[in-house]
file work_21.csv (CSV, N, CA and C atoms)
chain,number,residue,atom,x,y,z
A,1,MET,N,-89.6,-31.8,33.0
A,1,MET,CA,-88.6,-32.5,32.4
A,1,MET,C,-88.1,-31.8,31.1
A,2,LEU,N,-89.1,-31.2,30.4
A,2,LEU,CA,-88.7,-30.5,29.3
A,2,LEU,C,-87.9,-29.3,29.6
A,3,THR,N,-88.1,-28.7,30.7
A,3,THR,CA,-87.3,-27.5,31.2
A,3,THR,C,-85.9,-28.0,31.5
A,4,ALA,N,-85.8,-29.1,32.2
A,4,ALA,CA,-84.5,-29.6,32.5
A,4,ALA,C,-83.7,-30.0,31.3
A,5,ARG,N,-84.5,-30.5,30.3
A,5,ARG,CA,-83.8,-30.9,29.1
A,5,ARG,C,-83.4,-29.6,28.3
A,6,SER,N,-84.2,-28.6,28.3
A,6,SER,CA,-83.9,-27.3,27.7
A,6,SER,C,-82.7,-26.7,28.3
A,7,GLN,N,-82.7,-26.8,29.7
A,7,GLN,CA,-81.5,-26.2,30.4
A,7,GLN,C,-80.3,-27.0,30.1
A,8,GLY,N,-80.3,-28.3,29.9
A,8,GLY,CA,-79.2,-29.1,29.6
A,8,GLY,C,-78.7,-28.7,28.2
A,9,ILE,N,-79.6,-28.5,27.3
A,9,ILE,CA,-79.2,-28.2,25.9
A,9,ILE,C,-78.6,-26.8,25.9
A,10,GLN,N,-79.2,-25.9,26.7
A,10,GLN,CA,-78.7,-24.5,26.8
A,10,GLN,C,-77.3,-24.5,27.4
A,11,THR,N,-77.1,-25.3,28.4
A,11,THR,CA,-75.8,-25.5,29.0
A,11,THR,C,-74.8,-26.0,28.0
A,12,LYS,N,-75.2,-27.0,27.2
A,12,LYS,CA,-74.3,-27.5,26.2
A,12,LYS,C,-74.0,-26.4,25.2
A,13,PHE,N,-75.0,-25.6,24.8
A,13,PHE,CA,-74.7,-24.5,23.8
A,13,PHE,C,-73.8,-23.5,24.4
A,14,ASP,N,-74.0,-23.2,25.7
A,14,ASP,CA,-73.1,-22.2,26.4
A,14,ASP,C,-71.7,-22.8,26.5
A,15,ASP,N,-71.6,-24.1,26.8
A,15,ASP,CA,-70.2,-24.7,26.9
A,15,ASP,C,-69.6,-24.6,25.5
A,16,LEU,N,-70.4,-25.0,24.5
A,16,LEU,CA,-69.8,-25.0,23.1
A,16,LEU,C,-69.4,-23.6,22.7
A,17,ALA,N,-70.2,-22.6,23.0
A,17,ALA,CA,-69.9,-21.2,22.7
A,17,ALA,C,-68.6,-20.8,23.5
A,18,ARG,N,-68.5,-21.1,24.7
A,18,ARG,CA,-67.3,-20.8,25.5
A,18,ARG,C,-66.1,-21.5,25.0
A,19,GLU,N,-66.2,-22.8,24.6
A,19,GLU,CA,-65.1,-23.5,24.1
A,19,GLU,C,-64.7,-23.0,22.7
A,20,THR,N,-65.7,-22.5,21.9
A,20,THR,CA,-65.4,-21.9,20.6
A,20,THR,C,-64.6,-20.6,20.8
A,21,ARG,N,-65.1,-19.8,21.8
A,21,ARG,CA,-64.5,-18.5,22.1
A,21,ARG,C,-63.0,-18.8,22.6
A,22,GLU,N,-62.9,-19.7,23.4
A,22,GLU,CA,-61.5,-20.1,24.0
A,22,GLU,C,-60.6,-20.6,22.9
A,23,ALA,N,-61.2,-21.4,22.0
A,23,ALA,CA,-60.4,-21.9,20.8
A,23,ALA,C,-60.0,-20.8,19.9
A,24,SER,N,-60.9,-19.9,19.7
A,24,SER,CA,-60.6,-18.7,18.8
A,24,SER,C,-59.5,-17.9,19.4
A,25,GLU,N,-59.7,-17.6,20.8
A,25,GLU,CA,-58.6,-16.8,21.4
A,25,GLU,C,-57.3,-17.6,21.4
A,26,SER,N,-57.3,-18.9,21.6
A,26,SER,CA,-56.1,-19.7,21.6
A,26,SER,C,-55.5,-19.6,20.2
A,27,LEU,N,-56.3,-19.8,19.1
A,27,LEU,CA,-55.9,-19.7,17.8
A,27,LEU,C,-55.3,-18.3,17.5
A,28,ALA,N,-56.0,-17.3,17.9
A,28,ALA,CA,-55.4,-15.9,17.7
A,28,ALA,C,-54.1,-15.7,18.4
A,29,SER,N,-54.0,-16.3,19.6
A,29,SER,CA,-52.7,-16.2,20.3
A,29,SER,C,-51.6,-17.0,19.6
A,30,ILE,N,-51.9,-18.1,19.1
A,30,ILE,CA,-50.9,-19.0,18.4
A,30,ILE,C,-50.5,-18.2,17.1
A,31,GLN,N,-51.5,-17.7,16.4
A,31,GLN,CA,-51.2,-17.0,15.2
A,31,GLN,C,-50.3,-15.7,15.4
A,32,ALA,N,-50.6,-15.0,16.5
A,32,ALA,CA,-49.8,-13.9,16.9
A,32,ALA,C,-48.3,-14.3,17.2
A,33,ARG,N,-48.2,-15.4,18.0
A,33,ARG,CA,-46.9,-16.0,18.3
A,33,ARG,C,-46.2,-16.4,17.0
A,34,LEU,N,-46.9,-17.1,16.1
A,34,LEU,CA,-46.3,-17.5,14.8
A,34,LEU,C,-45.8,-16.2,14.0
A,35,ALA,N,-46.6,-15.2,14.0
A,35,ALA,CA,-46.2,-14.0,13.3
A,35,ALA,C,-45.0,-13.4,13.9
A,36,ASP,N,-44.9,-13.4,15.3
A,36,ASP,CA,-43.7,-12.9,16.0
A,36,ASP,C,-42.5,-13.7,15.7
A,37,ILE,N,-42.7,-15.1,15.6
A,37,ILE,CA,-41.6,-16.0,15.3
A,37,ILE,C,-41.2,-15.7,13.9
A,38,GLY,N,-42.1,-15.5,13.0
A,38,GLY,CA,-41.8,-15.2,11.6
A,38,GLY,C,-41.0,-13.9,11.4
A,39,THR,N,-41.4,-12.9,12.2
A,39,THR,CA,-40.7,-11.6,12.2
A,39,THR,C,-39.3,-11.8,12.7
A,40,GLU,N,-39.2,-12.5,13.9
A,40,GLU,CA,-37.9,-12.7,14.5
A,40,GLU,C,-37.0,-13.5,13.6
A,41,THR,N,-37.5,-14.5,12.9
A,41,THR,CA,-36.8,-15.4,12.0
A,41,THR,C,-36.2,-14.5,10.8
A,42,LYS,N,-37.1,-13.7,10.3
A,42,LYS,CA,-36.7,-12.8,9.2
A,42,LYS,C,-35.6,-11.9,9.7
A,43,ARG,N,-35.7,-11.3,10.9
A,43,ARG,CA,-34.7,-10.4,11.4
A,43,ARG,C,-33.4,-11.1,11.6
A,44,ARG,N,-33.4,-12.4,12.1
A,44,ARG,CA,-32.2,-13.1,12.3
A,44,ARG,C,-31.5,-13.5,10.9
A,45,ILE,N,-32.4,-13.9,10.0
A,45,ILE,CA,-31.8,-14.2,8.7
A,45,ILE,C,-31.2,-13.0,8.0
A,46,ASP,N,-31.8,-11.8,8.1
A,46,ASP,CA,-31.3,-10.6,7.6
A,46,ASP,C,-29.9,-10.3,8.3
A,47,ALA,N,-29.9,-10.4,9.6
A,47,ALA,CA,-28.7,-10.1,10.3
A,47,ALA,C,-27.6,-11.1,9.9
A,48,ALA,N,-27.9,-12.4,9.7
A,48,ALA,CA,-26.9,-13.4,9.3
A,48,ALA,C,-26.4,-13.1,7.9
A,49,LEU,N,-27.3,-12.7,7.0
A,49,LEU,CA,-26.9,-12.3,5.6
A,49,LEU,C,-26.0,-11.1,5.6
A,50,ALA,N,-26.3,-10.1,6.5
A,50,ALA,CA,-25.5,-8.9,6.5
A,50,ALA,C,-24.1,-9.3,7.1
A,51,GLU,N,-24.1,-10.1,8.1
A,51,GLU,CA,-22.8,-10.5,8.7
A,51,GLU,C,-22.0,-11.3,7.7
A,52,GLY,N,-22.7,-12.2,7.0
A,52,GLY,CA,-22.0,-13.0,5.9
A,52,GLY,C,-21.4,-12.1,4.8
A,53,ALA,N,-22.2,-11.1,4.4
A,53,ALA,CA,-21.7,-10.1,3.4
A,53,ALA,C,-20.4,-9.4,3.9
A,54,LYS,N,-20.5,-9.0,5.2
A,54,LYS,CA,-19.3,-8.3,5.8
A,54,LYS,C,-18.1,-9.2,5.8
A,55,ALA,N,-18.3,-10.5,6.2
A,55,ALA,CA,-17.2,-11.4,6.3
A,55,ALA,C,-16.7,-11.7,4.9
A,56,ARG,N,-17.5,-11.8,3.9
A,56,ARG,CA,-17.1,-12.0,2.5
A,56,ARG,C,-16.2,-10.8,2.1
A,57,GLU,N,-16.7,-9.6,2.3
A,57,GLU,CA,-16.0,-8.4,1.9
A,57,GLU,C,-14.6,-8.4,2.6
A,58,LEU,N,-14.6,-8.7,3.9
A,58,LEU,CA,-13.3,-8.7,4.6
A,58,LEU,C,-12.4,-9.8,4.1
A,59,ALA,N,-12.9,-10.9,3.8
A,59,ALA,CA,-12.1,-12.0,3.2
A,59,ALA,C,-11.5,-11.6,1.8
A,60,ILE,N,-12.3,-11.0,1.0
A,60,ILE,CA,-11.9,-10.5,-0.3
A,60,ILE,C,-10.8,-9.5,-0.2
A,61,ALA,N,-11.0,-8.5,0.8
A,61,ALA,CA,-10.0,-7.5,1.0
A,61,ALA,C,-8.7,-8.1,1.5
A,62,GLU,N,-8.8,-9.0,2.4
A,62,GLU,CA,-7.6,-9.7,2.9
A,62,GLU,C,-6.9,-10.4,1.7
A,63,ALA,N,-7.6,-11.1,0.9
A,63,ALA,CA,-7.1,-11.9,-0.2
A,63,ALA,C,-6.4,-10.9,-1.2
A,64,ASN,N,-7.1,-9.8,-1.5
A,64,ASN,CA,-6.5,-8.8,-2.4
A,64,ASN,C,-5.2,-8.3,-1.8
A,65,ALA,N,-5.2,-8.0,-0.5
A,65,ALA,CA,-4.0,-7.4,0.1
A,65,ALA,C,-2.8,-8.5,0.0
A,66,GLN,N,-3.1,-9.7,0.3
A,66,GLN,CA,-2.1,-10.8,0.2
A,66,GLN,C,-1.6,-11.0,-1.2
A,67,ALA,N,-2.5,-10.9,-2.2
A,67,ALA,CA,-2.1,-11.0,-3.6
A,67,ALA,C,-1.2,-9.9,-4.0
A,68,ALA,N,-1.6,-8.7,-3.6
A,68,ALA,CA,-0.7,-7.5,-3.9
A,68,ALA,C,0.6,-7.6,-3.3
A,69,ALA,N,0.7,-8.1,-2.0
A,69,ALA,CA,2.0,-8.3,-1.4
A,69,ALA,C,2.8,-9.4,-2.1
A,70,GLU,N,2.2,-10.5,-2.5
A,70,GLU,CA,2.9,-11.5,-3.2
A,70,GLU,C,3.4,-11.0,-4.6
A,71,LEU,N,2.6,-10.2,-5.2
A,71,LEU,CA,2.9,-9.7,-6.5
A,71,LEU,C,4.1,-8.7,-6.3
A,72,ALA,N,4.1,-7.9,-5.3
A,72,ALA,CA,5.3,-7.0,-5.1
A,72,ALA,C,6.5,-7.8,-4.7
A,73,LYS,N,6.3,-8.8,-4.0
A,73,LYS,CA,7.5,-9.7,-3.6
A,73,LYS,C,8.0,-10.3,-4.9
A,74,ALA,N,7.2,-10.8,-5.7
A,74,ALA,CA,7.6,-11.5,-7.0
A,74,ALA,C,8.3,-10.5,-7.9
A,75,LYS,N,7.8,-9.3,-7.9
A,75,LYS,CA,8.5,-8.2,-8.8
A,75,LYS,C,9.9,-7.9,-8.2
A,76,ARG,N,10.0,-7.8,-6.9
A,76,ARG,CA,11.3,-7.6,-6.3
A,76,ARG,C,12.3,-8.7,-6.6
A,77,THR,N,11.8,-10.0,-6.5
A,77,THR,CA,12.6,-11.1,-6.7
A,77,THR,C,13.0,-11.2,-8.2
A,78,ILE,N,12.1,-10.9,-9.1
A,78,ILE,CA,12.4,-10.9,-10.5
A,78,ILE,C,13.5,-9.8,-10.8
A,79,GLY,N,13.4,-8.6,-10.2
A,79,GLY,CA,14.3,-7.5,-10.4
A,79,GLY,C,15.7,-8.0,-9.9
A,80,LEU,N,15.7,-8.6,-8.7
A,80,LEU,CA,17.0,-9.0,-8.2
A,80,LEU,C,17.7,-10.1,-9.1
A,81,GLU,N,16.9,-11.0,-9.5
A,81,GLU,CA,17.4,-12.1,-10.4
A,81,GLU,C,17.9,-11.5,-11.7
A,82,ARG,N,17.2,-10.5,-12.3
A,82,ARG,CA,17.6,-9.8,-13.5
A,82,ARG,C,18.9,-9.1,-13.3
A,83,ASP,N,19.0,-8.4,-12.2
A,83,ASP,CA,20.3,-7.7,-11.9
A,83,ASP,C,21.4,-8.6,-11.7
A,84,LYS,N,21.1,-9.8,-11.0
A,84,LYS,CA,22.2,-10.8,-10.8
A,84,LYS,C,22.6,-11.4,-12.2
A,85,ALA,N,21.7,-11.6,-13.1
A,85,ALA,CA,22.0,-12.2,-14.4
A,85,ALA,C,22.8,-11.2,-15.2
A,86,VAL,N,22.5,-9.9,-15.1
A,86,VAL,CA,23.2,-8.8,-15.8
A,86,VAL,C,24.6,-8.8,-15.3
A,87,LEU,N,24.8,-8.8,-14.0
A,87,LEU,CA,26.1,-8.8,-13.4
A,87,LEU,C,26.9,-10.0,-13.8
A,88,GLU,N,26.3,-11.1,-13.8
A,88,GLU,CA,27.0,-12.3,-14.3
A,88,GLU,C,27.5,-12.2,-15.8
A,89,LEU,N,26.6,-11.7,-16.6
A,89,LEU,CA,26.9,-11.5,-18.0
A,89,LEU,C,28.1,-10.5,-18.2
A,90,ARG,N,28.1,-9.4,-17.4
A,90,ARG,CA,29.2,-8.5,-17.4
A,90,ARG,C,30.5,-9.1,-17.0
A,91,LEU,N,30.4,-9.9,-15.9
A,91,LEU,CA,31.7,-10.5,-15.5
A,91,LEU,C,32.2,-11.5,-16.5
A,92,GLU,N,31.3,-12.2,-17.2
A,92,GLU,CA,31.7,-13.2,-18.2
A,92,GLU,C,32.2,-12.5,-19.4
A,93,LEU,N,31.6,-11.3,-19.8
A,93,LEU,CA,32.1,-10.5,-20.9
A,93,LEU,C,33.5,-10.0,-20.6
A,94,ALA,N,33.7,-9.5,-19.4
A,94,ALA,CA,35.0,-9.0,-19.0
A,94,ALA,C,36.1,-10.1,-19.0
A,95,ARG,N,35.7,-11.3,-18.5
A,95,ARG,CA,36.6,-12.4,-18.5
A,95,ARG,C,37.0,-12.8,-20.0
A,96,LEU,N,36.0,-12.9,-20.8
A,96,LEU,CA,36.2,-13.3,-22.2
A,96,LEU,C,37.1,-12.2,-22.9
A,97,THR,N,36.8,-10.9,-22.6
A,97,THR,CA,37.6,-9.8,-23.2
A,97,THR,C,39.0,-9.9,-22.8
A,98,LEU,N,39.3,-10.1,-21.5
A,98,LEU,CA,40.7,-10.3,-21.0
A,98,LEU,C,41.3,-11.5,-21.7
A,99,GLU,N,40.6,-12.6,-21.7
A,99,GLU,CA,41.2,-13.8,-22.3
A,99,GLU,C,41.5,-13.6,-23.8
A,100,THR,N,40.6,-13.0,-24.5
A,100,THR,CA,40.9,-12.7,-26.0
A,100,THR,C,42.0,-11.7,-26.1
A,101,THR,N,42.0,-10.7,-25.3
A,101,THR,CA,43.1,-9.7,-25.4
A,101,THR,C,44.5,-10.4,-25.1
A,102,GLU,N,44.5,-11.2,-24.1
A,102,GLU,CA,45.7,-11.9,-23.8
A,102,GLU,C,46.2,-12.8,-24.9
A,103,ARG,N,45.3,-13.5,-25.5
A,103,ARG,CA,45.6,-14.4,-26.7
A,103,ARG,C,46.1,-13.6,-27.8
A,104,THR,N,45.4,-12.4,-28.1
A,104,THR,CA,45.8,-11.6,-29.2
A,104,THR,C,47.2,-11.0,-29.0
A,105,ILE,N,47.4,-10.5,-27.8
A,105,ILE,CA,48.8,-9.9,-27.5
A,105,ILE,C,49.8,-11.0,-27.6
A,106,ASP,N,49.6,-12.2,-27.0
A,106,ASP,CA,50.5,-13.3,-27.1
A,106,ASP,C,50.9,-13.6,-28.6
A,107,SER,N,49.8,-13.6,-29.4
A,107,SER,CA,50.1,-14.0,-30.8
A,107,SER,C,50.8,-12.9,-31.6
A,108,LEU,N,50.5,-11.6,-31.3
A,108,LEU,CA,51.1,-10.5,-32.0
A,108,LEU,C,52.5,-10.0,-31.4
A,109,MET,N,52.7,-10.3,-30.2
A,109,MET,CA,53.9,-9.8,-29.5
A,109,MET,C,55.2,-10.5,-30.1
A,110,THR,N,56.1,-9.6,-30.6
A,110,THR,CA,57.4,-10.1,-31.0
A,110,THR,C,58.4,-9.4,-30.1
A,111,GLU,N,59.6,-9.9,-30.2
A,111,GLU,CA,60.7,-9.3,-29.3
A,111,GLU,C,60.9,-7.9,-29.8
A,112,LYS,N,60.9,-7.6,-31.1
A,112,LYS,CA,61.1,-6.3,-31.6
A,112,LYS,C,60.0,-5.3,-31.1
A,113,LEU,N,58.7,-5.7,-31.2
A,113,LEU,CA,57.6,-4.9,-30.8
A,113,LEU,C,57.6,-4.7,-29.3
A,114,HIS,N,58.0,-5.7,-28.5
A,114,HIS,CA,58.1,-5.6,-27.1
A,114,HIS,C,59.1,-4.6,-26.7
A,115,GLY,N,60.3,-4.6,-27.4
A,115,GLY,CA,61.3,-3.6,-27.1
A,115,GLY,C,60.9,-2.2,-27.4
A,116,ARG,N,60.1,-2.0,-28.5
A,116,ARG,CA,59.6,-0.7,-28.9
A,116,ARG,C,58.7,-0.2,-27.8
A,117,ILE,N,57.8,-1.0,-27.3
A,117,ILE,CA,56.8,-0.7,-26.3
A,117,ILE,C,57.6,-0.2,-25.0
A,118,VAL,N,58.6,-1.0,-24.6
A,118,VAL,CA,59.3,-0.7,-23.4
A,118,VAL,C,60.1,0.6,-23.6
A,119,ASP,N,60.7,0.8,-24.7
A,119,ASP,CA,61.5,2.0,-25.0
A,119,ASP,C,60.5,3.2,-25.0
A,120,GLY,N,59.3,3.1,-25.5
A,120,GLY,CA,58.4,4.2,-25.5
A,120,GLY,C,57.9,4.5,-24.1
A,121,TYR,N,57.7,3.5,-23.3
A,121,TYR,CA,57.3,3.7,-21.9
A,121,TYR,C,58.4,4.4,-21.2
A,122,LEU,N,59.6,4.0,-21.3
A,122,LEU,CA,60.8,4.6,-20.6
A,122,LEU,C,61.0,6.0,-21.1
A,123,ASP,N,60.7,6.3,-22.3
A,123,ASP,CA,60.8,7.7,-22.8
A,123,ASP,C,59.8,8.6,-22.1
A,124,VAL,N,58.6,8.1,-22.0
A,124,VAL,CA,57.5,8.9,-21.3
A,124,VAL,C,57.9,9.1,-19.9
A,125,VAL,N,58.4,8.1,-19.2
A,125,VAL,CA,58.8,8.2,-17.8
A,125,VAL,C,59.9,9.2,-17.6
A,126,GLU,N,60.9,9.1,-18.5
A,126,GLU,CA,62.0,10.0,-18.5
A,126,GLU,C,61.6,11.5,-18.7
A,127,LYS,N,60.7,11.7,-19.7
A,127,LYS,CA,60.2,13.1,-19.9
A,127,LYS,C,59.4,13.6,-18.7
A,128,ALA,N,58.7,12.7,-18.1
A,128,ALA,CA,57.9,13.1,-16.9
A,128,ALA,C,58.8,13.5,-15.8
A,129,ALA,N,59.9,12.7,-15.6
A,129,ALA,CA,60.9,13.0,-14.6
A,129,ALA,C,61.6,14.3,-14.8
A,130,ARG,N,61.9,14.7,-16.0
A,130,ARG,CA,62.6,15.9,-16.3
A,130,ARG,C,61.6,17.1,-16.1
A,131,GLY,N,60.4,16.9,-16.3
A,131,GLY,CA,59.4,18.0,-16.2
A,131,GLY,C,59.2,18.4,-14.7
A,132,ARG,N,59.6,17.7,-13.9
A,132,ARG,CA,59.4,18.0,-12.4
A,132,ARG,C,60.4,18.9,-12.0

call {"tool": "encode", "arguments": {"input": "work_21.csv", "output": "structure tokens"}}
result
Amino acid sequence: MLTARSQGIQTKFDDLARETREASESLASIQARLADIGTETKRRIDAALAEGAKARELAIAEANAQAAAELAKAKRTIGLERDKAVLELRLELARLTLETTERTIDSLMTEKLHGRIVDGYLDVVEKAARGR
């Protein structure tokens, strides 16, 4: 009976040793898988960060290009508006000059002065006709 009891205890120890070994192997396998998962996770995070950095750089480059295009467009528009304003000022100056000249001539012109101007013009035309 003591032998049977010893064999039962030995069987229990053997079973416990086997279960401990299997548990250790299972734990080692799980730890290895966790390490692989950790490595894969780090690789994926690094890849996502790199992709995000590239996308950021691309977005910044596109924004800078759009800003430069808008700035060039604004400069062209400003130049056109400036040229238009200068032209309008020149036209207004010419109109005012003609108007002032007309008023001045109207106020200064007398019949005697008008006759002298016409006579002078006719003399110039007559001399030019003789020179031919």

call {"tool": "atom_distance", "arguments": {"input": "work_21.csv", "atom1": "atom N of Gln7 in chain A", "atom2": "CA of Glu22 in chain A"}}
result
23.0 Å

call {"tool": "atom_distance", "arguments": {"input": "work_21.csv", "atom1": "CA of Val118 in chain A", "atom2": "atom C of Thr101 in chain A"}}
result
17.8 Å

call {"tool": "atom_distance", "arguments": {"input": "work_21.csv", "atom1": "atom C of Arg95 in chain A", "atom2": "atom N of Thr110 in chain A"}}
result
22.1 Å

call {"tool": "decode", "arguments": {"input": "work_21.csv", "residues": "range 36-50 of chain A", "atoms": "N, CA, C and O atoms", "output": "PDB file, in the first residue's frame"}}
result
ATOM      1  N   ASP A  36       6.831  39.888 -30.491  1.00  0.00           N
ATOM      2  CA  ASP A  36       6.606  40.065 -31.932  1.00  0.00           C
ATOM      3  C   ASP A  36       5.519  41.113 -32.182  1.00  0.00           C
ATOM      4  O   ASP A  36       5.653  41.955 -33.078  1.00  0.00           O
ATOM      5  N   ILE A  37       4.465  41.055 -31.378  1.00  0.00           N
ATOM      6  CA  ILE A  37       3.378  42.037 -31.514  1.00  0.00           C
ATOM      7  C   ILE A  37       3.906  43.436 -31.199  1.00  0.00           C
ATOM      8  O   ILE A  37       3.603  44.398 -31.888  1.00  0.00           O
ATOM      9  N   GLY A  38       4.727  43.548 -30.153  1.00  0.00           N
ATOM     10  CA  GLY A  38       5.312  44.841 -29.793  1.00  0.00           C
ATOM     11  C   GLY A  38       6.198  45.379 -30.910  1.00  0.00           C
ATOM     12  O   GLY A  38       6.141  46.568 -31.260  1.00  0.00           O
ATOM     13  N   THR A  39       7.007  44.500 -31.502  1.00  0.00           N
ATOM     14  CA  THR A  39       7.878  44.906 -32.610  1.00  0.00           C
ATOM     15  C   THR A  39       7.048  45.347 -33.810  1.00  0.00           C
ATOM     16  O   THR A  39       7.333  46.382 -34.431  1.00  0.00           O
ATOM     17  N   GLU A  40       6.021  44.561 -34.148  1.00  0.00           N
ATOM     18  CA  GLU A  40       5.141  44.904 -35.284  1.00  0.00           C
ATOM     19  C   GLU A  40       4.400  46.209 -35.024  1.00  0.00           C
ATOM     20  O   GLU A  40       4.262  47.047 -35.915  1.00  0.00           O
ATOM     21  N   THR A  41       3.946  46.386 -33.784  1.00  0.00           N
ATOM     22  CA  THR A  41       3.250  47.629 -33.432  1.00  0.00           C
ATOM     23  C   THR A  41       4.183  48.827 -33.591  1.00  0.00           C
ATOM     24  O   THR A  41       3.799  49.850 -34.159  1.00  0.00           O
ATOM     25  N   LYS A  42       5.410  48.696 -33.106  1.00  0.00           N
ATOM     26  CA  LYS A  42       6.381  49.788 -33.242  1.00  0.00           C
ATOM     27  C   LYS A  42       6.662  50.069 -34.708  1.00  0.00           C
ATOM     28  O   LYS A  42       6.730  51.229 -35.127  1.00  0.00           O
ATOM     29  N   ARG A  43       6.804  49.019 -35.523  1.00  0.00           N
ATOM     30  CA  ARG A  43       7.059  49.204 -36.950  1.00  0.00           C
ATOM     31  C   ARG A  43       5.886  49.937 -37.605  1.00  0.00           C
ATOM     32  O   ARG A  43       6.069  50.865 -38.382  1.00  0.00           O
ATOM     33  N   ARG A  44       4.669  49.547 -37.269  1.00  0.00           N
ATOM     34  CA  ARG A  44       3.488  50.195 -37.849  1.00  0.00           C
ATOM     35  C   ARG A  44       3.370  51.654 -37.404  1.00  0.00           C
ATOM     36  O   ARG A  44       3.012  52.520 -38.185  1.00  0.00           O
ATOM     37  N   ILE A  45       3.657  51.901 -36.131  1.00  0.00           N
ATOM     38  CA  ILE A  45       3.607  53.282 -35.630  1.00  0.00           C
ATOM     39  C   ILE A  45       4.645  54.132 -36.347  1.00  0.00           C
ATOM     40  O   ILE A  45       4.359  55.257 -36.765  1.00  0.00           O
ATOM     41  N   ASP A  46       5.864  53.599 -36.493  1.00  0.00           N
ATOM     42  CA  ASP A  46       6.919  54.340 -37.194  1.00  0.00           C
ATOM     43  C   ASP A  46       6.521  54.615 -38.643  1.00  0.00           C
ATOM     44  O   ASP A  46       6.752  55.719 -39.160  1.00  0.00           O
ATOM     45  N   ALA A  47       5.930  53.625 -39.297  1.00  0.00           N
ATOM     46  CA  ALA A  47       5.490  53.804 -40.687  1.00  0.00           C
ATOM     47  C   ALA A  47       4.387  54.858 -40.764  1.00  0.00           C
ATOM     48  O   ALA A  47       4.384  55.710 -41.663  1.00  0.00           O
ATOM     49  N   ALA A  48       3.455  54.825 -39.815  1.00  0.00           N
ATOM     50  CA  ALA A  48       2.367  55.814 -39.803  1.00  0.00           C
ATOM     51  C   ALA A  48       2.917  57.217 -39.544  1.00  0.00           C
ATOM     52  O   ALA A  48       2.480  58.192 -40.164  1.00  0.00           O
ATOM     53  N   LEU A  49       3.888  57.328 -38.632  1.00  0.00           N
ATOM     54  CA  LEU A  49       4.507  58.626 -38.363  1.00  0.00           C
ATOM     55  C   LEU A  49       5.246  59.155 -39.593  1.00  0.00           C
ATOM     56  O   LEU A  49       5.160  60.344 -39.917  1.00  0.00           O
ATOM     57  N   ALA A  50       5.954  58.271 -40.278  1.00  0.00           N
ATOM     58  CA  ALA A  50       6.669  58.685 -41.490  1.00  0.00           C
ATOM     59  C   ALA A  50       5.687  59.126 -42.565  1.00  0.00           C
ATOM     60  O   ALA A  50       5.886  60.146 -43.233  1.00  0.00           O
TER      61      ALA A  50
END
